[in-house]
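Here is the structure we will look at.
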Amino acid sequence: MTTQETRRSTRVLRPEEERPLGDVGPRLRAGLGSWLKSPALDFYALIVIGTLLVGVGLMMVLSSTAVLNISRGQSGFAGLAKQGTFAALGLIALVIAASLPPGFYRKAAWPLFMLGLALQTLVHTPLGHEVAGNRNWILVNGQTLQPSEFLKLSLAVWMAAVLSMKRPLLHRPFHLIVPMAPGVAAALGLVVLGHDLGTTLVMCLLVAGALWVAGVPRRWFALGGGIGLIGVVALTVTSSNRMGRINCWLKGDCVGDSSYQSDQGLMGLAEGGWWGVGPGESRQKWGRLPAAEDDYIFAILGEEFGLMGTLGVLFLFAMLALVLCRMITRTDDVFRQIAVAGIASWLLGQAFVNMMVVTGLMPVIGVPLPFISSGGSALLASMAALGVLLSFARNEPGAREAITARMGTVRSSVSVLPAPRDGSTGDSRRSRRSQKRVQQAQKRVRRAQAGGRR
């Protein structure tokens, strides 16, 4: 072989082939920047975050319930099947809620709130069911339902409707108190009568978030906070169980097994380390940790997936918080702003309260981790709330046009052209029509994005 042939054979790529994909960096940055500026970003982000949270929840419910279900003679997948059924029902509720226009929720706020109060009232009838001293469920044909979860959603929508109507008059005490104070007092009172302090605190966060975004004067927050603090202290000192938990958390003075659940949860997090012991390998779920699939599922997640797994879940909730804040700032509709604030305070507040309890930063309070903990009522209500948020996001400025244009682009890009009859490489006329449809759809996307920026 000659020297010239050897030199030619060692060149694997020609100069124009050294970067076959072109200049990827600028294209990627431009595409990401365009996506972040899209009016439909909130809509798609809610779908992605919600899907990931529900998926993590189904996986962790399977892991945390399989062992005990097998020990009871049931299928190891029984917990997943039950939670999956509620997830399917929640998906139906989500789709229905997302398809309704925001105006529907404004008009239906009072009927929905009355329905929520009526369901919560059933807790104090013979249908009521008590668990661990909390009477916050109704039992029908062996199936339990927690009405307070749906009351949270109806309360957020009702407060948004009332506060948006009275916003110019909120500086006057009478318009702030009537009908806001009686309605909130009725909702909280029905839950307090069932001795469910955890749900009461979450609902207080919901009320505070809605009032803050509505622009209620700060002096009323000080007054409301003082009254709420007095109420929490009264509920705590009148319960020996709650006092035992508080003393154990503050002083380390634990009586009996008052610290058992908290200690086992922290032990699970400690055993997980950085990367966890592996999926399905938790030791605490073998009957050592009470409520492993419910209030303390975050400890099982931390044990199996380590610190990285818990930070991943925390990251998802942080992203959800950023999306909801973006929704509040992108709309000029006061009703939607207040409703989003109330739902955000409920879901995010409950999530961070649950994680703080499991990590020992708060005394033990029985609240589930939204989208992840086992429980049909909580999952149904959370997914329905996500559907309401999707309805609001779909009606943001320019969002509906961007979504429609994007779907048109997808349909045009995936369309399959029939093979030409003459056996040639392609039908130029059909190809030009297809390219024209794609270009028109892309123009609609750009116009929608420009409208959203304005």
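Labeling convention for the structure tokens: chains A, B, ... as they appear, residues from 1 per chain, ligands from 1 in order of appearance.
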
Query raised in the report: Leaving out Ala40 in chain A and any residue of its chain fewer than 5 positions from it, which residues lie within 8 Å of it when counting only C-alpha atoms, given as a list of chain:residue names?
Result: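 That gives A:Ala393, A:Arg394, A:Glu396, A:Gly398, A:Ala399, A:Arg400, A:Ala402, A:Ile403.
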
Query raised in the report: Hey, what's within 10 Å of range 158-163 of chain A if we count only C-alpha atoms and toss same-chain stuff fewer than 3 positions away? As a PyMOL selection string, please?
Result: chain A and resi 105-114+152-155+166-170+175-176+178-180+183-184+206-207+210-211+213-216+334-342

Query raised in the report: What lies within 6 Å of Ile138 in chain A using only C-alpha atoms, ignoring chain neighbours under 4 positions off, as a list in words?
Result: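 Contacts, in chain order: Val123, Leu127, Gly128, His129, Thr144 and Leu145 of chain A.
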
Any chance you can output those residues with N, CA and C atoms as an mmCIF file, in the first residue's frame?
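So the final result, stored in part.cif, reads:
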data_model
loop_
_atom_site.group_PDB
_atom_site.id
_atom_site.type_symbol
_atom_site.label_atom_id
_atom_site.label_comp_id
_atom_site.auth_asym_id
_atom_site.auth_seq_id
_atom_site.Cartn_x
_atom_site.Cartn_y
_atom_site.Cartn_z
ATOM 1 N N VAL A 123 -69.726 13.199 59.129
ATOM 2 C CA VAL A 123 -68.757 12.598 60.054
ATOM 3 C C VAL A 123 -69.328 12.515 61.462
ATOM 4 N N LEU A 127 -72.919 7.574 60.538
ATOM 5 C CA LEU A 127 -72.023 7.141 59.467
ATOM 6 C C LEU A 127 -70.563 7.432 59.787
ATOM 7 N N GLY A 128 -70.321 8.278 60.789
ATOM 8 C CA GLY A 128 -68.961 8.657 61.133
ATOM 9 C C GLY A 128 -68.130 7.489 61.597
ATOM 10 N N HIS A 129 -66.838 7.544 61.301
ATOM 11 C CA HIS A 129 -65.906 6.463 61.646
ATOM 12 C C HIS A 129 -64.689 7.080 62.327
ATOM 13 N N THR A 144 -64.374 3.569 53.389
ATOM 14 C CA THR A 144 -64.241 4.818 54.134
ATOM 15 C C THR A 144 -63.988 5.972 53.168
ATOM 16 N N LEU A 145 -64.438 7.130 53.570
ATOM 17 C CA LEU A 145 -64.242 8.364 52.810
ATOM 18 C C LEU A 145 -63.899 9.468 53.791
#

Query - Given only C-alpha atoms as the counted atoms, nearest of A:Val358, A:Leu311, A:Val232, A:Leu347 to Phe298 in chain A - result: A:Val358

Report task. Taking the DSSP assignment computed from this structure's backbone, write out as a PyMOL selection string all residues of range 79-224 of chain A that belong to alpha helix (DSSP H). Result -> chain A and resi 79-99+102-107+109-121+147-166+173-177+180-192+197-214+218-224

**Report entry** Contact residues around Leu266 in chain A with only C-alpha atoms at 9 Å, ignoring same-chain residues under 6 positions, as a ChimeraX atom specification
**Finding:** /A:299,358-360

Query raised in the report: So which residues touch range 201-205 of chain A within 8 Å, counting only C-alpha atoms, skipping near sequence neighbours fewer than 3 positions away, as an MDAnalysis selection string?
Result: chainID A and resid 152 188 197:198 208:209 345:346 349:350

Query raised in the report: Separation of CA of Trp274 in chain A and CA of Phe305 in chain A, in Å?
Result: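 Computing the Euclidean distance for CA of Trp274 in chain A and CA of Phe305 in chain A yields 7.9 Å.
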